[in-house]
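*Asks:* Below is the structure I would like to discuss, written out as C-alpha cells.
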Amino acid sequence: MKVTDRWYSDRLGHELTVARWGTYGTPVLLFPTAGGDAEEVERNGLVAHLQPLIDAGRAKLYSCDSLAGQAMIDRAGSTDDRYALFNRFHQAVGEEVVPAIFSDCGGPLPVVTAGASIGAFNALAILCRYPHLIDAAVCMSGTYALEGFIGGRVTDDLFYSSPLHFLPGLDGPALDTLRQRMVILASGSGAWEDVGESWRMAEVLGSKGVPNRVDDWGPNYAHDWPTWYEMLPAYLDDVLP
C-alpha cells in the first residue's frame, strides 16, 4: 500500500513530499541520494527489495524529498545558502516529517533512519540531532564531509548540519540519549566508494561513546544501487523487531 502526502514547509519555503509504503511495522525513514525526490527509492528498485519486510509487517517505509541535496547538485544560490538549506532541511525532518510519521502510526514509535551516499549523511545527521526521536541509523556508502561538495567557508549552518562538526562538542542529556543508539556505517571498496569516509565518521562517534560499527563489503561492491539492494534488507532485518 503506497500513500503520498505533500505540504508546504515554511522552514524550507517549498513544498515537501513524503511517500509511504506499507501499513504496519517499525517506521523506517529512507533518505534519497543527493538530488532525489521521495519516490527515487521506488523508481530505482530499492523498495522492491524491501518488500518482504514490508509484507511481513516489520517495516513501514517512508521517504521524503532531498531538497537540500538537490540545491547542492544544482549549485543553487551561494555556498552559505546551500549550508543554510541543509540546516533547515534537517529541522524540517525533525520537526515536520517525523511528527507526521508519528501521527500516521498513531503515536510515537522507534524510528530507524537509512540512506545511501548523501542520504547516509542525512540519516546520520538526523539521528545525532534528534536522538530522542530516532533509534538507529543505517548509513550506506556515506560521504560525511559536506564541505567537500559545497566548499566555501565554515558557517554556523554547516556546523549544526554536520555531525563531524557538532558531535565533538556535544554533551549533556542529548549525548546521554545518543549513547543508547546504534549507527551502522556500511561501504563497499569498489568503484566510486571511499570506506575511509566511514572510518573517519566512526572515529568521531567512538570518541563520544556512541555505539557504531563499520562494515567494508569489499571491492566487488560499487557506489551504486545493486550494492544497496543487498545492504539495506540485511541491516534492517538485523535492527528491526
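Ordering of the C-alpha cells sets the chain letters (A, B, ...); residue numbers start at 1 within each chain; ligands are numbered from 1 in the order shown.
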Could you go through region 12-238 of chain A and tell me which residues DSSP, when run on the backbone, assigns to alpha helix (DSSP H), listing them as a ChimeraX atom specification?

*Replies:* /A:40-43,46-55,67-74,79-92,98-105,118-129,147-150,156-161,163-166,173-178,195-207,225-238

*Asks:* Hey, can you spit out that residue selection with C-alpha atoms as an mmCIF file, in the first residue's frame?

*Replies:*
data_model
loop_
_atom_site.group_PDB
_atom_site.id
_atom_site.type_symbol
_atom_site.label_atom_id
_atom_site.label_comp_id
_atom_site.auth_asym_id
_atom_site.auth_seq_id
_atom_site.Cartn_x
_atom_site.Cartn_y
_atom_site.Cartn_z
ATOM 1 C CA GLU A 40 13.527 7.852 -6.099
ATOM 2 C CA VAL A 41 13.947 4.747 -3.932
ATOM 3 C CA GLU A 42 10.926 3.168 -5.623
ATOM 4 C CA ARG A 43 11.960 4.055 -9.192
ATOM 5 C CA LEU A 46 15.110 -0.370 -3.546
ATOM 6 C CA VAL A 47 11.522 -0.536 -2.287
ATOM 7 C CA ALA A 48 11.013 -3.790 -4.195
ATOM 8 C CA HIS A 49 14.000 -5.316 -2.396
ATOM 9 C CA LEU A 50 12.465 -4.280 0.946
ATOM 10 C CA GLN A 51 9.051 -5.690 0.049
ATOM 11 C CA PRO A 52 9.456 -8.886 2.124
ATOM 12 C CA LEU A 53 9.992 -6.786 5.277
ATOM 13 C CA ILE A 54 7.024 -4.579 4.347
ATOM 14 C CA ASP A 55 4.760 -7.553 3.592
ATOM 15 C CA LEU A 67 15.641 19.370 -1.265
ATOM 16 C CA ALA A 68 18.994 20.384 0.211
ATOM 17 C CA GLY A 69 20.753 17.720 -1.833
ATOM 18 C CA GLN A 70 19.088 18.986 -4.998
ATOM 19 C CA ALA A 71 20.303 22.517 -4.306
ATOM 20 C CA MET A 72 23.799 21.137 -3.737
ATOM 21 C CA ILE A 73 23.766 19.285 -7.077
ATOM 22 C CA ASP A 74 22.335 22.308 -8.914
ATOM 23 C CA THR A 79 27.619 28.229 -0.597
ATOM 24 C CA ASP A 80 26.199 29.878 2.539
ATOM 25 C CA ASP A 81 22.685 29.451 1.120
ATOM 26 C CA ARG A 82 23.269 25.741 0.487
ATOM 27 C CA TYR A 83 24.535 25.136 4.024
ATOM 28 C CA ALA A 84 21.541 27.043 5.381
ATOM 29 C CA LEU A 85 19.205 24.842 3.364
ATOM 30 C CA PHE A 86 20.760 21.674 4.801
ATOM 31 C CA ASN A 87 20.247 23.071 8.301
ATOM 32 C CA ARG A 88 16.617 23.956 7.576
ATOM 33 C CA PHE A 89 16.061 20.611 5.851
ATOM 34 C CA HIS A 90 17.184 18.736 8.958
ATOM 35 C CA GLN A 91 14.936 20.939 11.079
ATOM 36 C CA ALA A 92 12.009 20.199 8.767
ATOM 37 C CA VAL A 98 8.998 12.709 11.979
ATOM 38 C CA PRO A 99 5.919 14.140 13.756
ATOM 39 C CA ALA A 100 3.917 13.338 10.602
ATOM 40 C CA ILE A 101 5.219 9.769 10.793
ATOM 41 C CA PHE A 102 4.151 9.571 14.440
ATOM 42 C CA SER A 103 0.698 10.840 13.510
ATOM 43 C CA ASP A 104 0.432 8.282 10.706
ATOM 44 C CA CYS A 105 1.465 5.499 13.100
ATOM 45 C CA ILE A 118 24.247 11.918 0.786
ATOM 46 C CA GLY A 119 21.215 10.016 2.095
ATOM 47 C CA ALA A 120 23.604 8.340 4.552
ATOM 48 C CA PHE A 121 24.794 11.774 5.690
ATOM 49 C CA ASN A 122 21.199 12.876 6.271
ATOM 50 C CA ALA A 123 20.282 9.645 8.075
ATOM 51 C CA LEU A 124 23.207 10.091 10.472
ATOM 52 C CA ALA A 125 22.673 13.830 10.955
ATOM 53 C CA ILE A 126 19.023 13.326 11.915
ATOM 54 C CA LEU A 127 19.931 10.631 14.456
ATOM 55 C CA CYS A 128 22.652 12.792 16.008
ATOM 56 C CA ARG A 129 20.499 15.935 16.109
ATOM 57 C CA GLU A 147 32.114 20.914 2.730
ATOM 58 C CA GLY A 148 33.926 18.659 0.270
ATOM 59 C CA PHE A 149 30.951 19.023 -2.070
ATOM 60 C CA ILE A 150 29.871 22.588 -1.357
ATOM 61 C CA ASP A 156 27.020 28.081 11.698
ATOM 62 C CA ASP A 157 24.600 26.280 9.363
ATOM 63 C CA LEU A 158 27.338 23.869 8.276
ATOM 64 C CA PHE A 159 28.340 23.336 11.904
ATOM 65 C CA TYR A 160 24.830 22.398 13.025
ATOM 66 C CA SER A 161 24.163 20.292 9.919
ATOM 67 C CA PRO A 163 27.955 15.550 12.848
ATOM 68 C CA LEU A 164 31.665 15.773 12.026
ATOM 69 C CA HIS A 165 31.483 19.359 13.298
ATOM 70 C CA PHE A 166 28.917 19.438 16.112
ATOM 71 C CA PRO A 173 21.252 14.773 28.022
ATOM 72 C CA ALA A 174 21.388 14.720 24.208
ATOM 73 C CA LEU A 175 24.710 12.850 24.286
ATOM 74 C CA ASP A 176 23.421 10.516 27.005
ATOM 75 C CA THR A 177 20.490 9.601 24.741
ATOM 76 C CA LEU A 178 22.706 9.279 21.661
ATOM 77 C CA VAL A 195 35.300 3.399 3.049
ATOM 78 C CA GLY A 196 37.714 5.857 4.659
ATOM 79 C CA GLU A 197 34.769 8.271 4.991
ATOM 80 C CA SER A 198 33.024 5.728 7.220
ATOM 81 C CA TRP A 199 36.126 5.145 9.344
ATOM 82 C CA ARG A 200 36.582 8.897 9.887
ATOM 83 C CA MET A 201 32.963 9.221 10.988
ATOM 84 C CA ALA A 202 33.284 6.162 13.223
ATOM 85 C CA GLU A 203 36.280 7.693 14.964
ATOM 86 C CA VAL A 204 34.251 10.767 15.924
ATOM 87 C CA LEU A 205 31.278 8.674 17.041
ATOM 88 C CA GLY A 206 33.509 6.350 19.054
ATOM 89 C CA SER A 207 35.291 9.240 20.746
ATOM 90 C CA TRP A 225 22.019 0.710 -6.352
ATOM 91 C CA PRO A 226 22.864 -3.026 -6.586
ATOM 92 C CA THR A 227 25.137 -2.588 -3.541
ATOM 93 C CA TRP A 228 22.326 -1.005 -1.565
ATOM 94 C CA TYR A 229 19.859 -3.697 -2.721
ATOM 95 C CA GLU A 230 21.970 -6.161 -0.731
ATOM 96 C CA MET A 231 22.942 -3.965 2.183
ATOM 97 C CA LEU A 232 19.696 -2.422 3.330
ATOM 98 C CA PRO A 233 17.474 -5.534 3.581
ATOM 99 C CA ALA A 234 20.229 -7.312 5.520
ATOM 100 C CA TYR A 235 20.738 -4.478 8.001
ATOM 101 C CA LEU A 236 17.040 -3.794 8.507
ATOM 102 C CA ASP A 237 16.473 -7.500 9.109
ATOM 103 C CA ASP A 238 19.073 -7.173 11.869
#

*Asks:* Have a look at A:Leu16, A:Ala136, A:Leu29, A:Val112 and name the one nearest to Asp65 (chain A); count only C-alpha atoms.

*Replies:*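 Result for the nearest residue to Asp65 (chain A): A:Leu16.
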
*Asks:* What gap, in Å, lies between CA of Gly22 (chain A) and CA of Gln180 (chain A)?

*Replies:*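 Result for CA of Gly22 (chain A) versus CA of Gln180 (chain A): 27.5 Å, one decimal.
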
*Asks:* Could you please write out, as an MDAnalysis selection string, every residue of region 4-219 of chain A that DSSP assigns to strand (DSSP E or B)?

*Replies:* chainID A and resid 4:9 14:21 26:31 59:64 111:116 134:140 182:187 212:216

*Asks:* Take the residues from that selection and put them in a file with N, CA and C atoms, as a short mmCIF file (atom, residue, chain, number, x, y, z; two decimals), in the first residue's frame.

*Replies:*
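Listed below is the output, again-v2.cif:
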data_model
loop_
_atom_site.label_atom_id
_atom_site.label_comp_id
_atom_site.auth_asym_id
_atom_site.auth_seq_id
_atom_site.Cartn_x
_atom_site.Cartn_y
_atom_site.Cartn_z
N THR A 4 1.03 8.93 -0.64
CA THR A 4 1.89 10.10 -0.80
C THR A 4 1.21 11.31 -0.19
N ASP A 5 1.98 12.05 0.61
CA ASP A 5 1.47 13.26 1.24
C ASP A 5 2.40 14.42 0.87
N ARG A 6 1.83 15.61 0.85
CA ARG A 6 2.61 16.78 0.44
C ARG A 6 2.10 17.99 1.21
N TRP A 7 3.02 18.80 1.69
CA TRP A 7 2.62 20.05 2.34
C TRP A 7 3.68 21.12 2.11
N TYR A 8 3.28 22.36 2.33
CA TYR A 8 4.20 23.48 2.20
C TYR A 8 4.94 23.66 3.52
N SER A 9 6.26 23.63 3.46
CA SER A 9 7.09 23.82 4.65
C SER A 9 7.56 25.26 4.72
N HIS A 14 9.17 25.82 0.57
CA HIS A 14 8.98 24.92 -0.58
C HIS A 14 8.04 23.80 -0.15
N GLU A 15 7.38 23.20 -1.13
CA GLU A 15 6.59 22.01 -0.84
C GLU A 15 7.51 20.82 -0.53
N LEU A 16 7.07 19.99 0.38
CA LEU A 16 7.82 18.80 0.78
C LEU A 16 6.91 17.59 0.60
N THR A 17 7.41 16.58 -0.08
CA THR A 17 6.64 15.37 -0.33
C THR A 17 7.20 14.21 0.48
N VAL A 18 6.29 13.44 1.08
CA VAL A 18 6.66 12.22 1.81
C VAL A 18 5.84 11.07 1.24
N ALA A 19 6.51 10.00 0.86
CA ALA A 19 5.84 8.79 0.37
C ALA A 19 5.94 7.70 1.43
N ARG A 20 4.94 6.82 1.45
CA ARG A 20 4.92 5.73 2.41
C ARG A 20 4.54 4.44 1.71
N TRP A 21 5.23 3.36 2.08
CA TRP A 21 4.91 2.03 1.59
C TRP A 21 4.70 1.12 2.80
N THR A 26 7.78 -1.18 12.17
CA THR A 26 8.65 -0.10 12.61
C THR A 26 8.83 0.91 11.49
N PRO A 27 8.62 2.19 11.76
CA PRO A 27 8.84 3.19 10.70
C PRO A 27 10.32 3.32 10.35
N VAL A 28 10.59 3.25 9.05
CA VAL A 28 11.94 3.41 8.52
C VAL A 28 11.91 4.62 7.60
N LEU A 29 12.65 5.65 7.95
CA LEU A 29 12.72 6.87 7.14
C LEU A 29 13.95 6.78 6.25
N LEU A 30 13.71 6.58 4.96
CA LEU A 30 14.77 6.34 3.98
C LEU A 30 15.01 7.60 3.16
N PHE A 31 16.23 8.13 3.26
CA PHE A 31 16.57 9.35 2.52
C PHE A 31 17.11 9.00 1.14
N ALA A 59 8.37 -3.57 8.62
CA ALA A 59 8.82 -2.23 8.23
C ALA A 59 7.69 -1.46 7.58
N LYS A 60 7.55 -0.23 8.00
CA LYS A 60 6.65 0.73 7.35
C LYS A 60 7.56 1.81 6.80
N LEU A 61 7.73 1.83 5.50
CA LEU A 61 8.78 2.61 4.86
C LEU A 61 8.30 3.99 4.45
N TYR A 62 9.09 5.00 4.79
CA TYR A 62 8.81 6.38 4.42
C TYR A 62 10.03 6.95 3.68
N SER A 63 9.79 7.90 2.78
CA SER A 63 10.89 8.63 2.14
C SER A 63 10.42 10.04 1.82
N CYS A 64 11.35 11.00 1.95
CA CYS A 64 11.00 12.41 1.67
C CYS A 64 11.96 12.98 0.65
N VAL A 111 11.99 5.00 15.46
CA VAL A 111 12.20 5.24 14.04
C VAL A 111 13.63 4.87 13.68
N VAL A 112 13.80 4.20 12.55
CA VAL A 112 15.13 3.92 12.00
C VAL A 112 15.31 4.81 10.77
N THR A 113 16.43 5.52 10.71
CA THR A 113 16.76 6.29 9.50
C THR A 113 17.74 5.47 8.67
N ALA A 114 17.71 5.69 7.36
CA ALA A 114 18.61 4.98 6.46
C ALA A 114 18.81 5.80 5.20
N GLY A 115 19.90 5.54 4.51
CA GLY A 115 20.15 6.23 3.25
C GLY A 115 21.49 5.85 2.69
N ALA A 116 21.67 6.18 1.42
CA ALA A 116 22.93 5.91 0.73
C ALA A 116 23.49 7.21 0.17
N ILE A 134 14.94 9.16 17.12
CA ILE A 134 15.48 8.13 16.23
C ILE A 134 16.22 7.08 17.06
N ASP A 135 16.03 5.80 16.71
CA ASP A 135 16.67 4.72 17.47
C ASP A 135 17.95 4.19 16.83
N ALA A 136 18.03 4.23 15.50
CA ALA A 136 19.20 3.68 14.82
C ALA A 136 19.31 4.31 13.45
N ALA A 137 20.52 4.28 12.89
CA ALA A 137 20.76 4.79 11.54
C ALA A 137 21.57 3.76 10.75
N VAL A 138 21.08 3.46 9.55
CA VAL A 138 21.80 2.59 8.62
C VAL A 138 22.34 3.47 7.50
N CYS A 139 23.65 3.66 7.48
CA CYS A 139 24.28 4.62 6.58
C CYS A 139 25.14 3.84 5.57
N MET A 140 24.79 3.93 4.30
CA MET A 140 25.44 3.14 3.26
C MET A 140 26.20 4.03 2.29
N MET A 182 22.30 3.29 17.90
CA MET A 182 23.25 2.49 17.12
C MET A 182 23.39 3.07 15.72
N VAL A 183 24.63 3.16 15.25
CA VAL A 183 24.93 3.64 13.90
C VAL A 183 25.67 2.55 13.14
N ILE A 184 25.16 2.18 11.99
CA ILE A 184 25.85 1.25 11.09
C ILE A 184 26.39 2.05 9.92
N LEU A 185 27.70 1.94 9.68
CA LEU A 185 28.38 2.64 8.60
C LEU A 185 28.90 1.57 7.64
N ALA A 186 28.16 1.35 6.56
CA ALA A 186 28.49 0.31 5.60
C ALA A 186 28.99 0.93 4.30
N SER A 187 29.98 0.29 3.69
CA SER A 187 30.51 0.81 2.43
C SER A 187 31.16 -0.33 1.68
N ASN A 212 28.71 2.17 17.34
CA ASN A 212 28.73 2.17 15.88
C ASN A 212 29.60 1.01 15.40
N ARG A 213 29.44 0.70 14.14
CA ARG A 213 30.34 -0.27 13.52
C ARG A 213 30.50 0.08 12.05
N VAL A 214 31.68 -0.22 11.51
CA VAL A 214 31.98 -0.03 10.09
C VAL A 214 32.05 -1.41 9.44
N ASP A 215 31.31 -1.59 8.36
CA ASP A 215 31.36 -2.82 7.58
C ASP A 215 31.87 -2.50 6.18
N ASP A 216 33.00 -3.08 5.81
CA ASP A 216 33.54 -2.94 4.45
C ASP A 216 33.14 -4.18 3.67
#
